[in-house]
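S.K.: What follows is upload_20.csv, made up of CSV, C-alpha atoms:
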```
chain,number,residue,atom,x,y,z
A,1,MET,CA,-20.4,-11.9,28.5
A,2,LYS,CA,-17.8,-9.1,28.7
A,3,PHE,CA,-16.5,-7.3,25.7
A,4,GLY,CA,-13.3,-5.2,25.8
A,5,ILE,CA,-13.1,-2.5,23.2
A,6,VAL,CA,-9.6,-1.1,22.7
A,7,THR,CA,-9.2,2.6,22.2
A,8,PHE,CA,-6.1,3.6,20.3
A,9,PRO,CA,-5.2,7.2,19.7
A,10,GLY,CA,-7.3,7.9,16.5
A,11,SER,CA,-9.9,5.1,17.1
A,12,ASN,CA,-13.3,6.5,16.2
A,13,CYS,CA,-15.6,3.5,16.1
A,14,ASP,CA,-15.0,2.5,19.7
A,15,TYR,CA,-18.2,4.2,20.8
A,16,ASP,CA,-20.3,2.5,18.0
A,17,ALA,CA,-18.9,-0.9,19.1
A,18,PHE,CA,-19.7,-0.1,22.7
A,19,HIS,CA,-23.3,0.9,21.7
A,20,ALA,CA,-23.7,-2.3,19.7
A,21,VAL,CA,-22.6,-4.5,22.6
A,22,THR,CA,-24.4,-2.8,25.4
A,23,GLU,CA,-27.6,-1.5,23.7
A,24,ALA,CA,-28.3,-3.8,20.8
A,25,LEU,CA,-26.8,-7.0,22.2
A,26,GLY,CA,-27.5,-6.2,25.8
A,27,GLU,CA,-24.1,-7.4,27.1
A,28,HIS,CA,-21.4,-5.8,29.2
A,29,ALA,CA,-18.6,-3.8,27.6
A,30,VAL,CA,-15.6,-1.8,28.8
A,31,TYR,CA,-13.1,0.4,27.0
A,32,LEU,CA,-9.5,-0.8,27.2
A,33,TRP,CA,-6.8,1.9,26.9
A,34,HIS,CA,-4.0,1.2,24.5
A,35,LYS,CA,-1.3,1.9,27.0
A,36,ASP,CA,-2.7,-0.5,29.6
A,37,HIS,CA,-1.7,-4.1,30.0
A,38,ASP,CA,-5.0,-5.1,31.5
A,39,LEU,CA,-7.7,-6.8,29.6
A,40,GLN,CA,-9.9,-6.7,32.7
A,41,GLY,CA,-11.1,-10.2,32.3
A,42,CYS,CA,-12.9,-9.6,29.0
A,43,ASP,CA,-14.1,-12.6,27.1
A,44,VAL,CA,-14.0,-10.9,23.7
A,45,ILE,CA,-11.6,-8.2,22.5
A,46,VAL,CA,-12.8,-5.7,19.8
A,47,LEU,CA,-10.2,-3.9,17.8
A,48,PRO,CA,-12.4,-1.0,16.4
A,49,GLY,CA,-12.3,1.1,13.3
A,50,GLY,CA,-10.7,4.5,13.0
A,51,PHE,CA,-7.3,6.0,12.1
A,52,SER,CA,-5.0,4.8,14.8
A,53,TYR,CA,-1.8,6.8,14.9
A,54,GLY,CA,-3.1,8.8,11.9
A,55,ASP,CA,-2.4,5.8,9.7
A,56,TYR,CA,1.2,6.9,9.8
A,57,LEU,CA,3.6,4.7,7.9
A,58,ARG,CA,0.9,2.2,7.0
A,59,ALA,CA,-2.6,1.7,8.4
A,60,GLY,CA,-2.3,-0.3,11.6
A,61,ALA,CA,1.5,-0.4,11.5
A,62,ILE,CA,2.1,1.6,14.7
A,63,ALA,CA,-0.9,0.5,16.7
A,64,ARG,CA,0.3,-3.0,16.4
A,65,PHE,CA,3.1,-2.1,18.8
A,66,SER,CA,0.8,-0.4,21.4
A,67,PRO,CA,1.4,-2.0,24.9
A,68,VAL,CA,-2.1,-3.5,25.0
A,69,MET,CA,-1.5,-5.4,21.8
A,70,ARG,CA,0.9,-7.7,23.6
A,71,ASP,CA,-2.0,-8.8,25.8
A,72,VAL,CA,-4.4,-9.0,22.9
A,73,ILE,CA,-2.0,-11.3,21.0
A,74,ALA,CA,-1.6,-13.5,24.1
A,75,HIS,CA,-5.5,-13.6,24.5
A,76,ALA,CA,-5.8,-14.6,20.8
A,77,ASN,CA,-3.1,-17.3,21.2
A,78,ARG,CA,-5.0,-18.7,24.1
A,79,GLY,CA,-8.0,-19.1,21.8
A,80,GLY,CA,-9.8,-15.9,23.0
A,81,PRO,CA,-12.1,-14.3,20.5
A,82,VAL,CA,-11.0,-11.1,18.7
A,83,LEU,CA,-13.3,-9.1,16.5
A,84,ALA,CA,-11.1,-6.8,14.3
A,85,ILE,CA,-13.1,-4.3,12.3
A,86,CYS,CA,-11.8,-2.0,9.6
A,87,ASN,CA,-8.7,-0.3,11.1
A,88,GLY,CA,-8.8,-3.2,13.6
A,89,PHE,CA,-8.5,-5.6,10.6
A,90,GLN,CA,-5.5,-3.6,9.4
A,91,ILE,CA,-3.9,-3.8,12.9
A,92,ALA,CA,-4.6,-7.5,13.2
A,93,CYS,CA,-2.9,-8.2,9.8
A,94,GLU,CA,0.1,-6.0,10.8
A,95,ALA,CA,0.3,-7.9,14.1
A,96,GLY,CA,0.4,-11.2,12.3
A,97,LEU,CA,-3.0,-12.4,13.9
A,98,LEU,CA,-4.3,-12.7,10.3
A,99,ARG,CA,-2.7,-13.3,7.0
A,100,GLY,CA,-2.4,-10.8,4.2
A,101,ALA,CA,-2.5,-7.0,4.1
A,102,LEU,CA,-4.9,-4.2,3.3
A,103,LEU,CA,-3.7,-1.8,0.7
A,104,ARG,CA,-5.0,1.4,-0.8
A,105,ASN,CA,-8.4,0.9,-2.5
A,106,ALA,CA,-7.9,0.2,-6.2
A,107,SER,CA,-10.0,3.3,-7.1
A,108,LEU,CA,-7.7,5.4,-4.9
A,109,LYS,CA,-10.9,6.8,-3.4
A,110,PHE,CA,-12.3,6.5,0.1
A,111,VAL,CA,-15.5,4.5,-0.1
A,112,SER,CA,-18.4,5.0,2.3
A,113,GLU,CA,-21.5,3.1,1.4
A,114,LEU,CA,-23.8,0.3,2.3
A,115,VAL,CA,-22.6,-2.9,0.6
A,116,GLN,CA,-23.8,-6.5,0.2
A,117,LEU,CA,-21.9,-9.3,1.8
A,118,ARG,CA,-22.5,-13.0,1.3
A,119,VAL,CA,-22.0,-15.3,4.3
A,120,GLU,CA,-19.5,-17.9,2.9
A,121,THR,CA,-19.5,-20.1,6.0
A,122,THR,CA,-21.6,-20.5,9.1
A,123,GLU,CA,-19.0,-22.8,10.7
A,124,THR,CA,-17.3,-20.0,12.6
A,125,LEU,CA,-17.5,-18.4,16.0
A,126,PHE,CA,-18.7,-15.2,14.3
A,127,SER,CA,-21.2,-16.4,11.7
A,128,ASN,CA,-23.1,-19.4,13.2
A,129,ARG,CA,-26.3,-17.4,13.6
A,130,TYR,CA,-26.6,-16.7,9.9
A,131,GLU,CA,-27.9,-18.9,7.0
A,132,ASN,CA,-25.2,-20.1,4.6
A,133,GLY,CA,-25.2,-17.8,1.6
A,134,ALA,CA,-27.3,-15.2,3.3
A,135,ILE,CA,-26.8,-11.7,1.9
A,136,LEU,CA,-26.1,-9.0,4.5
A,137,ARG,CA,-26.3,-5.2,4.1
A,138,ILE,CA,-23.4,-3.7,6.1
A,139,PRO,CA,-21.7,-0.3,5.6
A,140,ILE,CA,-18.1,0.2,4.6
A,141,ALA,CA,-16.0,3.3,5.1
A,142,HIS,CA,-12.3,3.0,4.3
A,143,GLY,CA,-9.5,4.2,2.0
A,144,ASP,CA,-7.2,1.2,2.6
A,145,GLY,CA,-9.4,-1.9,2.3
A,146,ARG,CA,-8.0,-3.9,-0.7
A,147,TYR,CA,-7.3,-7.3,0.8
A,148,THR,CA,-4.0,-8.6,-0.7
A,149,ALA,CA,-2.2,-11.9,-0.2
A,150,ASP,CA,-0.1,-14.3,-2.1
A,151,ASP,CA,-1.6,-17.2,-4.1
A,152,GLU,CA,-0.7,-19.8,-1.5
A,153,THR,CA,-2.4,-17.8,1.3
A,154,LEU,CA,-5.5,-17.3,-0.9
A,155,ASP,CA,-5.7,-21.0,-1.7
A,156,ARG,CA,-5.4,-21.8,2.0
A,157,LEU,CA,-8.1,-19.3,3.0
A,158,GLU,CA,-10.5,-20.6,0.4
A,159,GLY,CA,-9.6,-24.3,1.0
A,160,GLU,CA,-10.0,-24.2,4.8
A,161,GLY,CA,-13.2,-22.2,4.8
A,162,GLN,CA,-11.6,-19.1,6.3
A,163,VAL,CA,-13.2,-16.6,4.0
A,164,VAL,CA,-16.3,-15.7,6.1
A,165,PHE,CA,-17.7,-12.7,4.1
A,166,ARG,CA,-17.4,-11.8,0.5
A,167,TYR,CA,-18.5,-8.6,-1.3
A,168,VAL,CA,-21.2,-9.5,-3.9
A,169,GLY,CA,-23.9,-8.0,-6.1
A,170,GLY,CA,-22.4,-4.8,-7.4
A,171,PRO,CA,-24.0,-3.4,-10.5
A,172,GLY,CA,-24.3,-6.9,-11.9
A,173,ASP,CA,-25.6,-10.2,-10.8
A,174,ALA,CA,-26.4,-10.4,-7.1
A,175,ASP,CA,-24.4,-13.6,-6.8
A,176,GLU,CA,-21.3,-12.3,-8.5
A,177,TRP,CA,-18.2,-11.3,-6.7
A,178,TRP,CA,-17.8,-7.6,-6.7
A,179,SER,CA,-15.2,-5.7,-4.9
A,180,PRO,CA,-15.7,-2.1,-3.9
A,181,ASN,CA,-12.0,-1.7,-3.1
A,182,GLY,CA,-10.3,-4.2,-5.4
A,183,SER,CA,-9.9,-6.9,-2.8
A,184,MET,CA,-8.5,-10.2,-4.1
A,185,HIS,CA,-11.3,-12.8,-4.4
A,186,ALA,CA,-13.7,-10.0,-3.2
A,187,ILE,CA,-12.7,-10.8,0.3
A,188,ALA,CA,-14.5,-8.7,3.0
A,189,GLY,CA,-13.7,-10.8,6.1
A,190,ILE,CA,-11.5,-13.7,7.1
A,191,VAL,CA,-10.7,-15.8,10.2
A,192,ASN,CA,-7.3,-17.1,11.3
A,193,ASP,CA,-6.4,-20.8,11.3
A,194,ALA,CA,-7.8,-21.4,14.8
A,195,GLY,CA,-11.0,-19.5,13.9
A,196,ASN,CA,-11.0,-17.2,16.9
A,197,VAL,CA,-9.9,-14.0,15.2
A,198,LEU,CA,-12.2,-12.4,12.6
A,199,GLY,CA,-11.0,-9.5,10.5
A,200,MET,CA,-13.4,-7.6,8.3
A,201,MET,CA,-13.4,-4.2,6.6
A,202,PRO,CA,-17.3,-3.6,6.8
A,203,HIS,CA,-18.7,-2.3,10.0
A,204,PRO,CA,-21.2,-4.7,11.7
A,205,GLU,CA,-21.3,-2.4,14.7
A,206,ARG,CA,-22.9,0.2,12.5
A,207,ALA,CA,-25.6,-2.2,11.3
A,208,VAL,CA,-27.4,-3.2,14.5
A,209,ASP,CA,-30.6,-1.2,14.3
A,210,SER,CA,-33.0,-1.3,11.4
A,211,LEU,CA,-33.9,2.3,12.2
A,212,LEU,CA,-30.4,3.3,11.0
A,213,GLY,CA,-30.7,1.3,7.8
A,214,SER,CA,-29.7,-2.3,8.7
A,215,ALA,CA,-29.5,-4.7,11.6
A,216,ASP,CA,-27.7,-7.3,9.6
A,217,GLY,CA,-24.5,-6.9,11.6
A,218,LEU,CA,-26.0,-7.9,14.9
A,219,GLY,CA,-25.7,-11.6,13.9
A,220,ILE,CA,-22.0,-11.5,14.3
A,221,PHE,CA,-22.3,-10.4,18.0
A,222,GLU,CA,-25.1,-12.9,18.6
A,223,SER,CA,-23.0,-15.7,17.1
A,224,MET,CA,-20.2,-14.9,19.5
A,225,LEU,CA,-22.7,-14.8,22.4
A,226,ALA,CA,-24.2,-18.2,21.3
A,227,ARG,CA,-20.7,-19.8,21.2
A,228,VAL,CA,-18.7,-18.2,23.9
A,229,ALA,CA,-21.4,-18.2,26.5
A,230,ALA,CA,-22.3,-21.8,25.8
B,1,MET,CA,30.0,5.7,18.2
B,2,THR,CA,29.4,7.7,15.1
B,3,ARG,CA,26.2,9.2,13.8
B,4,PHE,CA,25.0,7.9,10.5
B,5,ARG,CA,22.2,8.9,8.2
B,6,VAL,CA,20.6,6.0,6.4
B,7,ALA,CA,18.3,6.4,3.4
B,8,ILE,CA,15.7,3.7,2.7
B,9,HIS,CA,13.5,3.2,-0.4
B,10,ILE,CA,10.3,1.2,0.2
B,11,THR,CA,8.3,0.2,-2.9
B,12,PRO,CA,5.3,-1.9,-3.6
B,13,ARG,CA,6.3,-5.4,-4.4
B,14,ARG,CA,6.4,-6.1,-8.2
B,15,GLY,CA,3.3,-8.0,-9.3
B,16,ILE,CA,1.1,-6.4,-6.7
B,17,LEU,CA,-1.5,-4.0,-8.1
B,18,ASP,CA,-0.2,-0.5,-7.6
B,19,PRO,CA,-3.1,1.8,-8.6
B,20,GLN,CA,-1.2,4.9,-7.5
B,21,GLY,CA,1.8,4.1,-9.7
B,22,LYS,CA,-0.5,3.3,-12.6
B,23,THR,CA,-2.4,6.6,-12.2
B,24,VAL,CA,0.9,8.6,-12.1
B,25,ALA,CA,2.2,6.7,-15.2
B,26,GLU,CA,-1.0,7.6,-17.1
B,27,ALA,CA,-0.7,11.3,-16.0
B,28,LEU,CA,2.9,11.4,-17.2
B,29,GLN,CA,1.9,9.9,-20.6
B,30,THR,CA,-0.9,12.5,-20.9
B,31,LEU,CA,1.7,15.2,-20.2
B,32,GLY,CA,3.6,13.9,-23.3
B,33,PHE,CA,6.2,11.6,-21.6
B,34,GLY,CA,5.2,8.9,-24.0
B,35,ALA,CA,8.4,6.9,-23.1
B,36,VAL,CA,7.1,6.1,-19.6
B,37,ARG,CA,6.5,2.4,-19.3
B,38,ASP,CA,5.9,1.9,-15.5
B,39,VAL,CA,5.8,4.0,-12.3
B,40,HIS,CA,5.8,2.8,-8.7
B,41,VAL,CA,5.1,5.1,-5.8
B,42,GLY,CA,6.6,4.2,-2.5
B,43,ARG,CA,8.2,5.8,0.5
B,44,HIS,CA,11.5,7.3,1.3
B,45,VAL,CA,12.6,7.1,4.9
B,46,VAL,CA,15.6,8.7,6.4
B,47,VAL,CA,16.9,7.4,9.7
B,48,GLU,CA,19.7,8.9,11.8
B,49,LEU,CA,21.3,6.6,14.3
B,50,GLU,CA,24.4,6.0,16.4
B,51,ALA,CA,26.4,3.0,15.4
B,52,ARG,CA,29.9,1.6,15.7
B,53,ASP,CA,30.5,1.6,12.0
B,54,LYS,CA,28.8,1.8,8.6
B,55,ALA,CA,28.1,-2.0,8.5
B,56,SER,CA,26.4,-2.0,11.8
B,57,ALA,CA,24.3,1.1,10.9
B,58,GLU,CA,23.2,-0.7,7.8
B,59,SER,CA,22.4,-4.0,9.5
B,60,SER,CA,20.5,-2.3,12.3
B,61,THR,CA,18.4,-0.4,9.7
B,62,ARG,CA,17.7,-3.6,7.8
B,63,ASP,CA,16.3,-5.0,11.0
B,64,MET,CA,14.1,-1.9,11.4
B,65,CYS,CA,12.8,-2.4,7.8
B,66,GLU,CA,11.9,-6.0,8.4
B,67,ARG,CA,10.2,-5.3,11.7
B,68,LEU,CA,8.3,-2.1,11.1
B,69,LEU,CA,9.3,0.2,8.2
B,70,ALA,CA,8.3,-2.2,5.4
B,71,ASN,CA,5.4,-4.7,5.2
B,72,PRO,CA,7.0,-8.0,4.3
B,73,VAL,CA,3.7,-9.1,2.6
B,74,THR,CA,3.5,-6.3,0.1
B,75,GLU,CA,6.6,-4.2,0.0
B,76,ASP,CA,10.3,-4.4,-0.9
B,77,PHE,CA,12.9,-2.2,0.7
B,78,GLU,CA,16.4,-1.1,-0.3
B,79,ILE,CA,19.0,0.7,1.7
B,80,ALA,CA,19.9,3.5,-0.7
B,81,GLY,CA,22.7,5.1,1.2
B,82,VAL,CA,24.6,5.2,4.5
B,83,GLU,CA,26.7,8.2,5.4
B,84,ALA,CA,28.5,9.4,8.5
B,85,ILE,CA,27.3,12.8,9.6
B,86,ALA,CA,28.3,15.3,12.3
B,87,ALA,CA,26.3,14.6,15.5
```
Show this structure as structure tokens.
M.R.:
Amino acid sequence: MKFGIVTFPGSNCDYDAFHAVTEALGEHAVYLWHKDHDLQGCDVIVLPGGFSYGDYLRAGAIARFSPVMRDVIAHANRGGPVLAICNGFQIACEAGLLRGALLRNASLKFVSELVQLRVETTETLFSNRYENGAILRIPIAHGDGRYTADDETLDRLEGEGQVVFRYVGGPGDADEWWSPNGSMHAIAGIVNDAGNVLGMMPHPERAVDSLLGSADGLGIFESMLARVAA
Amino acid sequence: MTRFRVAIHITPRRGILDPQGKTVAEALQTLGFGAVRDVHVGRHVVVELEARDKASAESSTRDMCERLLANPVTEDFEIAGVEAIAA
């Protein structure tokens, strides 16, 4: 399976994503330059983390108009899988691939820590290798991660099983919603209506080796492999 | 064609948590401005463009706001002023 990792000016997690795919998952990956219109026949597109275009105007607002995004949107509309991580999630929301928006953390602070996510559904392309309700330890590192949407959108996401990962287990009960950034409904990751685009603020590509603290993120890549290769 | 300078105010939509505005409001109250009830921090964008007339400069800027300058999910915008300037 071939992964295409988009490099925007200011992307800084593209190498981590490349490493996760090639070393931890053992699949093929190429970098896709933001100015190109060529997805090089990739099966999965990764929009990586970073600070594309310096987060000017709003995080993701400029990257969304990069030439390659036209092709990424066409790929998504054809049902092609897109994994949008952190800044990639912000770009995907700005591009209209996902509903809602990511605003400045409620604390106004950049948060960089290992957090706990609960798997809210295993019925997706990205989470089918996990157990329902499993708790994952995956790092976050962002200043603009507060998921925000109107009530109608939230009802729809919850009702249709589109909330894939939720932050849980802060200082209190391990099962309790807890949002390190003020996200509505403690949302950490969602899929689109068709289920082929996942946006998440936590970094699964940084959690693929227990030597570095956690390998809990690898399941997302394995889930895609199980489904797309099949 | 005339050159116009258009000023745009972009603010967080009412009802959406605005931690930055809240923090500034608290700081102002601490400074003794006890009358402060609410603060919202947004962006001020100034666009210079060529247009046939004032109305077309404004309508073109409105289009820019809807497509890029403001996020329709979380922000409101307002064209605060349109003035003809020397090119």
S.K.: Could you tell me how far atom CA of Ala7 of chain B sits from atom CA of Glu48 of chain B, in Å to one decimal place?
M.R.: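 Going from atom CA of Glu48 of chain B over to atom CA of Ala7 of chain B, I get 8.9 Å.
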S.K.: Write out as a tab-separated table the residues of chain B that have any atom within 8 Å of an atom of chain A, one row each with the nearest atom pair and its distance in Å to one decimal, counting all atoms listed in the file, sorted by chain and then rising number.
M.R.:
```
residue	atom	partner	partner_atom	distance
B:Leu17	CA	A:Ala106	CA	7.9
B:Asp18	CA	A:Ala106	CA	7.9
B:Pro19	CA	A:Ala106	CA	5.6
B:Gln20	CA	A:Leu108	CA	7.0
B:Leu68	CA	A:Ala61	CA	7.0
B:Leu69	CA	A:Leu57	CA	7.3
B:Asn71	CA	A:Glu94	CA	7.8
B:Val73	CA	A:Gly100	CA	6.5
B:Thr74	CA	A:Ala101	CA	7.2
```
S.K.: Residues as selected, C-alpha atoms, written as an mmCIF file, in the frame of the given file, can you do that?
M.R.:
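After the write, selection.cif holds the following:
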```
data_model
loop_
_atom_site.group_PDB
_atom_site.id
_atom_site.type_symbol
_atom_site.label_atom_id
_atom_site.label_comp_id
_atom_site.auth_asym_id
_atom_site.auth_seq_id
_atom_site.Cartn_x
_atom_site.Cartn_y
_atom_site.Cartn_z
ATOM 1 C CA LEU B 17 -1.500 -4.000 -8.100
ATOM 2 C CA ASP B 18 -0.200 -0.500 -7.600
ATOM 3 C CA PRO B 19 -3.100 1.800 -8.600
ATOM 4 C CA GLN B 20 -1.200 4.900 -7.500
ATOM 5 C CA LEU B 68 8.300 -2.100 11.100
ATOM 6 C CA LEU B 69 9.300 0.200 8.200
ATOM 7 C CA ASN B 71 5.400 -4.700 5.200
ATOM 8 C CA VAL B 73 3.700 -9.100 2.600
ATOM 9 C CA THR B 74 3.500 -6.300 0.100
#
```
S.K.: Interatomic distance between atom CA of Ala215 of chain A and atom CA of Cys42 of chain A?
M.R.: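 Going from atom CA of Ala215 of chain A over to atom CA of Cys42 of chain A, I get 24.5 Å.
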S.K.: Interatomic distance between atom CA of Gln29 of chain B and atom CA of Thr11 of chain B?
M.R.: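 Going from atom CA of Gln29 of chain B over to atom CA of Thr11 of chain B, I get 21.2 Å.
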S.K.: Pick the closest to Ala70 of chain B from B:Val24, B:Ile8, B:Ile16, B:Ile85: which is it, counting all atoms listed in the file?
M.R.: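 Of the candidates, the smallest distance to Ala70 of chain B is held by B:Ile8.
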S.K.: Restricting the calculation to all atoms listed in the file, which member of A:Phe3, A:Met69, A:Leu25, A:Leu39 is positioned closest to Ala92 of chain A?
M.R.: A:Met69
S.K.: Which polymer residues, whether protein, DNA or RNA, lie within 12 Å of the coordinate (-2.5, -19.1, 1.8) when you count all atoms listed in the file? List them as a ChimeraX atom specification, using the chain letters and numbers from the file.
M.R.: /A:98-100,148-163,190,192-193 /B:73
S.K.: Step by step: start from the point (31.0, 1.9, 15.4) in the file's coordinates, keep every protein, DNA or RNA residue that has an atom no farther than 10 Å from it, count only C-alpha atoms, and write the set as a list in words.
M.R.: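 Within 10 Å of (31.0, 1.9, 15.4), the protein and nucleic acid residues are Met1, Thr2, Arg3, Phe4, Glu50, Ala51, Arg52, Asp53, Lys54, Ala55, Ser56 and Ala57 of chain B.
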S.K.: Can you tell me which residues surround Leu97 of chain A at a distance of at most 12 Å, considering all atoms listed in the file, apart from same-chain residues fewer than 2 positions away, and format the answer as a PyMOL selection string?
M.R.: chain A and resi 47+64+69-70+72-77+79-84+88-95+99-101+190-199
